[in-house]
Amino acid sequence: MKRILIVEDVAQTRRWLCEIAENAFPGCSIEEAASMRGGLAAAAASADFDLALIDLGLPDGSGLEVLRSLKLVCPDAVPIVTTVMGDDAHIVAALSAGAEGYLLKENPADLLTAQLKRLADGTPALSPSIARRIMEHFRYTGPAADPEEELTAREKEVLGLIGRGHRNVDVAASLDLAESTVASHIKSIYRKLGISSRAEASWHATRMGLTLNKPGEPSGR
């Protein structure tokens, strides 16, 4: 990893992340941004970042916006979320936006350094607790037998939208359906996939590649 972007608003934490990156990739060049706007500007100005460490809670918006922008202008970069938020909702949102790793800042520096070094072997940078949450998700829900065959085309559209965080009313408006019809589709999706929550639906939508926005489609909440 030669060029690294670090987006973090707390100066002390940003310096800490810089040291971790330097230890993982000696001789790397690091660009820093302290806000969403700064991160967006850095992403727009350069198309040759190899890695980005992105905080989610920035003072002027979400780090996911930086992540999405980076994926568009620098598709070869590896975007990794570095955050204190380890709940399912934030993990799902990050994966849906294209994150290729999820590290918790509560972990010690040597562990994060080791996780980043393993990127060279093709191993995703995941904090142990995040990896466990992902494993537990599939252990308890079980894999869908063959979701792409079982779901109808309309159900896939609905799943893709709820996977991006849309409410039922938003899905109804996007697909020109009644809310009651959307609710029926969701009930059918849950039954076919063997799930019971929107977080689980988002996992499956991401796995099936249904979470990419189409031109002119709202970006979700």
# chains A, B, ... in the order shown; residues from 1 in each chain; ligands from 1
call {"tool": "closest_atom_pairs", "arguments": {"of": "region 98-182 of chain A", "to": "region 25-36 of chain A", "cutoff": "12 Å", "atoms": "only C-alpha atoms", "output": "CSV"}}
result
residue,atom,partner,partner_atom,distance
A:Thr113,CA,A:Phe25,CA,9.0
A:Ala114,CA,A:Phe25,CA,10.6
A:Gln115,CA,A:Phe25,CA,11.7
A:Leu116,CA,A:Phe25,CA,8.5
A:Lys117,CA,A:Phe25,CA,7.4
A:Arg118,CA,A:Phe25,CA,10.9
A:Leu119,CA,A:Phe25,CA,10.6
A:Ala120,CA,A:Phe25,CA,10.2
call {"tool": "residues_around", "arguments": {"residues": "Ser188 (chain A)", "least_positions_apart": "2", "cutoff": "12 Å", "atoms": "only C-alpha atoms", "output": "PyMOL selection string"}}
result
chain A and resi 147+150-152+154-156+158-159+181-186+190-196+201
call {"tool": "write_last_selection", "arguments": {"atoms": "N, CA and C atoms", "output": "mmCIF file, in the first residue's frame"}}
result
data_model
loop_
_atom_site.group_PDB
_atom_site.id
_atom_site.type_symbol
_atom_site.label_atom_id
_atom_site.label_comp_id
_atom_site.auth_asym_id
_atom_site.auth_seq_id
_atom_site.Cartn_x
_atom_site.Cartn_y
_atom_site.Cartn_z
ATOM 1 N N PRO A 147 -31.375 -18.281 -3.022
ATOM 2 C CA PRO A 147 -32.226 -17.096 -3.014
ATOM 3 C C PRO A 147 -32.451 -16.494 -4.388
ATOM 4 N N GLU A 150 -35.279 -18.455 -5.838
ATOM 5 C CA GLU A 150 -36.537 -18.452 -5.109
ATOM 6 C C GLU A 150 -37.238 -17.100 -5.129
ATOM 7 N N LEU A 151 -36.478 -16.011 -5.118
ATOM 8 C CA LEU A 151 -37.091 -14.686 -5.104
ATOM 9 C C LEU A 151 -37.534 -14.280 -6.507
ATOM 10 N N THR A 152 -38.699 -13.645 -6.575
ATOM 11 C CA THR A 152 -39.161 -13.126 -7.856
ATOM 12 C C THR A 152 -38.387 -11.859 -8.193
ATOM 13 N N ARG A 154 -39.570 -8.900 -8.688
ATOM 14 C CA ARG A 154 -40.088 -7.802 -7.871
ATOM 15 C C ARG A 154 -39.562 -7.895 -6.449
ATOM 16 N N GLU A 155 -39.479 -9.107 -5.910
ATOM 17 C CA GLU A 155 -38.967 -9.277 -4.552
ATOM 18 C C GLU A 155 -37.504 -8.870 -4.472
ATOM 19 N N LYS A 156 -36.748 -9.127 -5.525
ATOM 20 C CA LYS A 156 -35.351 -8.697 -5.546
ATOM 21 C C LYS A 156 -35.255 -7.170 -5.550
ATOM 22 N N VAL A 158 -37.447 -5.112 -4.227
ATOM 23 C CA VAL A 158 -37.804 -4.687 -2.876
ATOM 24 C C VAL A 158 -36.649 -4.951 -1.913
ATOM 25 N N LEU A 159 -36.041 -6.135 -2.015
ATOM 26 C CA LEU A 159 -34.924 -6.483 -1.139
ATOM 27 C C LEU A 159 -33.760 -5.512 -1.329
ATOM 28 N N THR A 181 -48.773 -3.697 -0.400
ATOM 29 C CA THR A 181 -48.144 -4.636 -1.335
ATOM 30 C C THR A 181 -46.671 -4.822 -0.996
ATOM 31 N N VAL A 182 -46.007 -3.721 -0.643
ATOM 32 C CA VAL A 182 -44.599 -3.799 -0.235
ATOM 33 C C VAL A 182 -44.463 -4.678 1.006
ATOM 34 N N ALA A 183 -45.368 -4.487 1.973
ATOM 35 C CA ALA A 183 -45.334 -5.293 3.198
ATOM 36 C C ALA A 183 -45.498 -6.775 2.877
ATOM 37 N N SER A 184 -46.355 -7.083 1.918
ATOM 38 C CA SER A 184 -46.556 -8.483 1.520
ATOM 39 C C SER A 184 -45.303 -9.056 0.883
ATOM 40 N N HIS A 185 -44.646 -8.245 0.040
ATOM 41 C CA HIS A 185 -43.393 -8.699 -0.583
ATOM 42 C C HIS A 185 -42.332 -8.966 0.479
ATOM 43 N N ILE A 186 -42.226 -8.067 1.457
ATOM 44 C CA ILE A 186 -41.225 -8.223 2.504
ATOM 45 C C ILE A 186 -41.499 -9.488 3.315
ATOM 46 N N TYR A 190 -38.840 -12.517 3.671
ATOM 47 C CA TYR A 190 -38.394 -13.033 4.959
ATOM 48 C C TYR A 190 -38.617 -14.545 5.044
ATOM 49 N N ARG A 191 -39.784 -14.987 4.566
ATOM 50 C CA ARG A 191 -40.109 -16.408 4.633
ATOM 51 C C ARG A 191 -39.154 -17.221 3.770
ATOM 52 N N LYS A 192 -38.892 -16.753 2.544
ATOM 53 C CA LYS A 192 -38.036 -17.501 1.632
ATOM 54 C C LYS A 192 -36.581 -17.545 2.091
ATOM 55 N N LEU A 193 -36.113 -16.453 2.706
ATOM 56 C CA LEU A 193 -34.717 -16.398 3.140
ATOM 57 C C LEU A 193 -34.526 -16.916 4.559
ATOM 58 N N GLY A 194 -35.642 -17.174 5.263
ATOM 59 C CA GLY A 194 -35.533 -17.672 6.632
ATOM 60 C C GLY A 194 -34.995 -16.645 7.598
ATOM 61 N N ILE A 195 -35.429 -15.383 7.433
ATOM 62 C CA ILE A 195 -34.929 -14.288 8.272
ATOM 63 C C ILE A 195 -36.098 -13.590 8.952
ATOM 64 N N SER A 196 -35.757 -12.641 9.855
ATOM 65 C CA SER A 196 -36.821 -11.979 10.600
ATOM 66 C C SER A 196 -36.554 -10.511 10.871
ATOM 67 N N ALA A 201 -31.981 -8.843 6.221
ATOM 68 C CA ALA A 201 -32.313 -8.614 4.815
ATOM 69 C C ALA A 201 -31.182 -7.858 4.118
#
call {"tool": "closest_residue", "arguments": {"among": "A:Leu67, A:Leu161, A:Leu175, A:Leu51", "to": "Ala24 (chain A)", "atoms": "only C-alpha atoms"}}
result
A:Leu51
call {"tool": "select_by_dssp", "arguments": {"residues": "region 45-173 of chain A", "states": "strand (DSSP E or B)", "output": "list of chain:residue names"}}
result
A:Leu51, A:Ala52, A:Leu53, A:Ile54, A:Gly57, A:Leu58, A:Gly61, A:Ser62, A:Val78, A:Pro79, A:Ile80, A:Val81, A:Thr82, A:Thr83, A:Gly101, A:Tyr102, A:Leu103, A:Leu104, A:Ala125, A:Leu126
call {"tool": "closest_residue", "arguments": {"among": "A:Glu136, A:Leu70, A:Leu126, A:Leu95", "to": "His204 (chain A)", "atoms": "only C-alpha atoms"}}
result
A:Leu95
call {"tool": "atom_distance", "arguments": {"atom1": "CA of Leu112 (chain A)", "atom2": "CA of Glu22 (chain A)"}}
result
11.7 Å
call {"tool": "residues_around", "arguments": {"residues": "Ser69 (chain A)", "least_positions_apart": "5", "cutoff": "8 Å", "atoms": "only C-alpha atoms", "output": "PDB file with N, CA, C and O atoms, in the first residue's frame"}}
result
ATOM      1  N   LEU A  40     -14.111  13.950   0.901  1.00  0.00           N
ATOM      2  CA  LEU A  40     -14.654  13.978  -0.457  1.00  0.00           C
ATOM      3  C   LEU A  40     -13.714  14.710  -1.403  1.00  0.00           C
ATOM      4  O   LEU A  40     -13.513  14.287  -2.545  1.00  0.00           O
ATOM      5  N   ALA A  43     -10.707  12.499  -2.140  1.00  0.00           N
ATOM      6  CA  ALA A  43     -11.079  11.416  -3.054  1.00  0.00           C
ATOM      7  C   ALA A  43     -11.236  11.935  -4.473  1.00  0.00           C
ATOM      8  O   ALA A  43     -10.834  11.288  -5.442  1.00  0.00           O
ATOM      9  N   ALA A  44     -11.833  13.109  -4.607  1.00  0.00           N
ATOM     10  CA  ALA A  44     -12.063  13.677  -5.932  1.00  0.00           C
ATOM     11  C   ALA A  44     -10.768  14.127  -6.596  1.00  0.00           C
ATOM     12  O   ALA A  44     -10.643  14.107  -7.820  1.00  0.00           O
TER      13      ALA A  44
END
